[in-house]
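Below: the structure, in structure tokens.
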Amino acid sequence: MSKRRRGTGNRRRAWRRGHWAEQACAFSLALRGYRVLARRLRYPVGEIDLLARRGGTLAVIEVKARRDAVSALEAVTPRQRQRIARAAEWLLAERPALAGLQVRFDVMLVTPWRWPRHLTDAWRI
């Protein structure tokens, strides 16, 4: 009989909720004319949840799913913003074709029974 590690079920649920939230945000973006270029980009310096383009703008998007919008927004800490910005720098170095676009950092907030809320240009580096 194997012992179950404490918290494994919670982590799995959180991962599924985050994955679902990212899918909902990607769908919402596509409906508004964005082209989702990538999801869950991982670099040694940070992670980008969604990368989307509309016209000459490249949106680096952080997705937060919480019970309410305030706690979702508070979950994007200054340290996390730095990691996302470093990941964006890594991305642009890796994909020079995107370097000519205007880079913008957005946040999408996902709360129960609501359409994802898109905060454009949420912060600057």
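How things are named: the first chain in the structure tokens is A, the next is B, and so on; residues count from 1 in each chain; ligands count from 1 in the order shown.
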What's the 10 Å shell around Ile84 in chain A, counting only C-alpha atoms, without same-chain residues fewer than 5 positions away, as a PyMOL selection string? chain A and resi 42-43+45-49+60-62+78-79+89-90+105
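Using only C-alpha atoms, the protein and nucleic acid residues lying no more than 9 Å from Arg67 in chain A, apart from those fewer than 4 places from it along its own chain, are Ser71, Ala72, Val110, Thr111 and Pro112 of chain A.
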Emit the selected residues as a PDB file, in the first residue's frame, including C-alpha atoms.
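Saved as again01.pdb:
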ATOM      1  CA  SER A  71      -6.916  38.350  -5.452  1.00  0.00           C
ATOM      2  CA  ALA A  72      -6.085  37.385  -9.045  1.00  0.00           C
ATOM      3  CA  VAL A 110     -10.214  34.443 -14.717  1.00  0.00           C
ATOM      4  CA  THR A 111     -12.884  34.204 -12.039  1.00  0.00           C
ATOM      5  CA  PRO A 112     -15.756  31.723 -11.702  1.00  0.00           C
TER       6      PRO A 112
END
Can you tell me, as number ranges by chain, which residues in range 4-98 of chain A count as helix (DSSP H, G or I) by DSSP? A: 8-31, 69-74, 78-94, 96-98
Mind writing the picked residues with C-alpha atoms as a PDB file, in the first residue's frame?
ATOM      1  CA  THR A   8      -0.625  16.128  -4.634  1.00  0.00           C
ATOM      2  CA  GLY A   9      -4.360  16.300  -5.327  1.00  0.00           C
ATOM      3  CA  ASN A  10      -4.424  20.047  -4.665  1.00  0.00           C
ATOM      4  CA  ARG A  11      -1.519  20.637  -7.044  1.00  0.00           C
ATOM      5  CA  ARG A  12      -3.189  18.566  -9.729  1.00  0.00           C
ATOM      6  CA  ARG A  13      -6.447  20.502  -9.342  1.00  0.00           C
ATOM      7  CA  ALA A  14      -4.582  23.814  -9.459  1.00  0.00           C
ATOM      8  CA  TRP A  15      -2.730  22.710 -12.598  1.00  0.00           C
ATOM      9  CA  ARG A  16      -6.012  21.701 -14.291  1.00  0.00           C
ATOM     10  CA  ARG A  17      -7.670  24.968 -13.271  1.00  0.00           C
ATOM     11  CA  GLY A  18      -4.714  26.946 -14.635  1.00  0.00           C
ATOM     12  CA  HIS A  19      -4.707  24.969 -17.875  1.00  0.00           C
ATOM     13  CA  TRP A  20      -8.451  25.525 -18.308  1.00  0.00           C
ATOM     14  CA  ALA A  21      -8.042  29.263 -17.565  1.00  0.00           C
ATOM     15  CA  GLU A  22      -5.330  29.572 -20.215  1.00  0.00           C
ATOM     16  CA  GLN A  23      -7.557  27.824 -22.761  1.00  0.00           C
ATOM     17  CA  ALA A  24     -10.444  30.164 -21.940  1.00  0.00           C
ATOM     18  CA  CYS A  25      -8.157  33.187 -22.306  1.00  0.00           C
ATOM     19  CA  ALA A  26      -6.748  31.938 -25.628  1.00  0.00           C
ATOM     20  CA  PHE A  27     -10.314  31.499 -26.928  1.00  0.00           C
ATOM     21  CA  SER A  28     -11.284  34.981 -25.719  1.00  0.00           C
ATOM     22  CA  LEU A  29      -8.230  36.505 -27.401  1.00  0.00           C
ATOM     23  CA  ALA A  30      -8.936  34.711 -30.692  1.00  0.00           C
ATOM     24  CA  LEU A  31     -12.493  36.070 -30.692  1.00  0.00           C
ATOM     25  CA  ALA A  69     -10.503  39.591  -9.553  1.00  0.00           C
ATOM     26  CA  VAL A  70      -8.756  41.423  -6.704  1.00  0.00           C
ATOM     27  CA  SER A  71      -6.916  38.350  -5.452  1.00  0.00           C
ATOM     28  CA  ALA A  72      -6.085  37.385  -9.045  1.00  0.00           C
ATOM     29  CA  LEU A  73      -4.523  40.784  -9.679  1.00  0.00           C
ATOM     30  CA  GLU A  74      -2.653  40.726  -6.363  1.00  0.00           C
ATOM     31  CA  PRO A  78       6.718  42.496  -8.707  1.00  0.00           C
ATOM     32  CA  ARG A  79       9.073  39.508  -8.587  1.00  0.00           C
ATOM     33  CA  GLN A  80       6.838  37.596 -10.970  1.00  0.00           C
ATOM     34  CA  ARG A  81       6.667  40.579 -13.331  1.00  0.00           C
ATOM     35  CA  GLN A  82      10.482  40.626 -13.411  1.00  0.00           C
ATOM     36  CA  ARG A  83      10.624  36.921 -14.258  1.00  0.00           C
ATOM     37  CA  ILE A  84       8.081  37.369 -17.059  1.00  0.00           C
ATOM     38  CA  ALA A  85      10.016  40.343 -18.457  1.00  0.00           C
ATOM     39  CA  ARG A  86      13.252  38.306 -18.430  1.00  0.00           C
ATOM     40  CA  ALA A  87      11.462  35.452 -20.191  1.00  0.00           C
ATOM     41  CA  ALA A  88      10.228  37.943 -22.826  1.00  0.00           C
ATOM     42  CA  GLU A  89      13.805  39.135 -23.389  1.00  0.00           C
ATOM     43  CA  TRP A  90      14.885  35.516 -23.799  1.00  0.00           C
ATOM     44  CA  LEU A  91      12.026  34.929 -26.247  1.00  0.00           C
ATOM     45  CA  LEU A  92      12.926  37.950 -28.385  1.00  0.00           C
ATOM     46  CA  ALA A  93      16.566  36.875 -28.487  1.00  0.00           C
ATOM     47  CA  GLU A  94      15.478  33.393 -29.563  1.00  0.00           C
ATOM     48  CA  PRO A  96      14.422  37.682 -33.936  1.00  0.00           C
ATOM     49  CA  ALA A  97      11.402  37.882 -36.295  1.00  0.00           C
ATOM     50  CA  LEU A  98       9.321  39.084 -33.320  1.00  0.00           C
TER      51      LEU A  98
END
Separation of CA of Arg124 in chain A from CA of Arg35 in chain A in Å: 21.9 Å
Considering only C-alpha atoms, can you say which of A:Ala52, A:Leu58, A:Leu37, A:Val63 comes closest to Leu109 in chain A? A:Val63
Have a look at CA of Val36 in chain A and CA of Trp115 in chain A and let me know their distance in Å, one decimal.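 Answer for the CA of Val36 in chain A to CA of Trp115 in chain A separation: 17.7 Å.
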In range 2-120 of chain A, what's strand (DSSP E or B) per DSSP? Answer as an MDAnalysis selection string? chainID A and resid 35:43 46:54 57:65 102:110 117:120
Now that the selection is made, can you save its residues with C-alpha atoms as a PDB file, in the first residue's frame?
ATOM      1  CA  ARG A  35      -3.462  35.260 -32.944  1.00  0.00           C
ATOM      2  CA  VAL A  36      -2.173  33.081 -30.123  1.00  0.00           C
ATOM      3  CA  LEU A  37       1.420  32.240 -31.049  1.00  0.00           C
ATOM      4  CA  ALA A  38       2.341  30.089 -28.068  1.00  0.00           C
ATOM      5  CA  ARG A  39       1.225  28.811 -24.686  1.00  0.00           C
ATOM      6  CA  ARG A  40       3.243  27.941 -21.599  1.00  0.00           C
ATOM      7  CA  LEU A  41       6.651  29.028 -22.830  1.00  0.00           C
ATOM      8  CA  ARG A  42       9.310  28.036 -20.310  1.00  0.00           C
ATOM      9  CA  TYR A  43      12.759  29.529 -20.111  1.00  0.00           C
ATOM     10  CA  GLY A  46      10.794  32.551 -16.235  1.00  0.00           C
ATOM     11  CA  GLU A  47       7.584  31.452 -17.922  1.00  0.00           C
ATOM     12  CA  ILE A  48       5.126  33.098 -20.305  1.00  0.00           C
ATOM     13  CA  ASP A  49       1.551  31.812 -20.078  1.00  0.00           C
ATOM     14  CA  LEU A  50       0.309  33.119 -23.439  1.00  0.00           C
ATOM     15  CA  LEU A  51       1.987  34.892 -26.318  1.00  0.00           C
ATOM     16  CA  ALA A  52      -0.400  36.602 -28.719  1.00  0.00           C
ATOM     17  CA  ARG A  53      -0.129  38.997 -31.615  1.00  0.00           C
ATOM     18  CA  ARG A  54      -2.526  41.504 -33.082  1.00  0.00           C
ATOM     19  CA  THR A  57       1.734  44.348 -31.086  1.00  0.00           C
ATOM     20  CA  LEU A  58       3.111  41.309 -29.323  1.00  0.00           C
ATOM     21  CA  ALA A  59       1.257  40.664 -26.068  1.00  0.00           C
ATOM     22  CA  VAL A  60       3.049  38.731 -23.333  1.00  0.00           C
ATOM     23  CA  ILE A  61       0.161  37.593 -21.175  1.00  0.00           C
ATOM     24  CA  GLU A  62       0.070  36.348 -17.591  1.00  0.00           C
ATOM     25  CA  VAL A  63      -3.083  34.394 -16.740  1.00  0.00           C
ATOM     26  CA  LYS A  64      -4.365  34.292 -13.161  1.00  0.00           C
ATOM     27  CA  ALA A  65      -7.353  32.227 -12.053  1.00  0.00           C
ATOM     28  CA  GLN A 102       5.859  46.480 -29.946  1.00  0.00           C
ATOM     29  CA  VAL A 103       5.971  44.312 -26.803  1.00  0.00           C
ATOM     30  CA  ARG A 104       3.220  44.761 -24.249  1.00  0.00           C
ATOM     31  CA  PHE A 105       2.693  43.010 -20.898  1.00  0.00           C
ATOM     32  CA  ASP A 106      -0.924  42.070 -20.231  1.00  0.00           C
ATOM     33  CA  VAL A 107      -2.755  40.226 -17.479  1.00  0.00           C
ATOM     34  CA  MET A 108      -5.895  38.155 -17.918  1.00  0.00           C
ATOM     35  CA  LEU A 109      -7.990  37.504 -14.833  1.00  0.00           C
ATOM     36  CA  VAL A 110     -10.214  34.443 -14.717  1.00  0.00           C
ATOM     37  CA  ARG A 117     -10.973  39.999 -18.038  1.00  0.00           C
ATOM     38  CA  HIS A 118      -8.118  41.350 -20.173  1.00  0.00           C
ATOM     39  CA  LEU A 119      -5.989  44.138 -18.703  1.00  0.00           C
ATOM     40  CA  THR A 120      -3.870  45.493 -21.544  1.00  0.00           C
TER      41      THR A 120
END
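As for CA of Leu101 in chain A and CA of Gly55 in chain A, they are spaced 8.7 Å apart.
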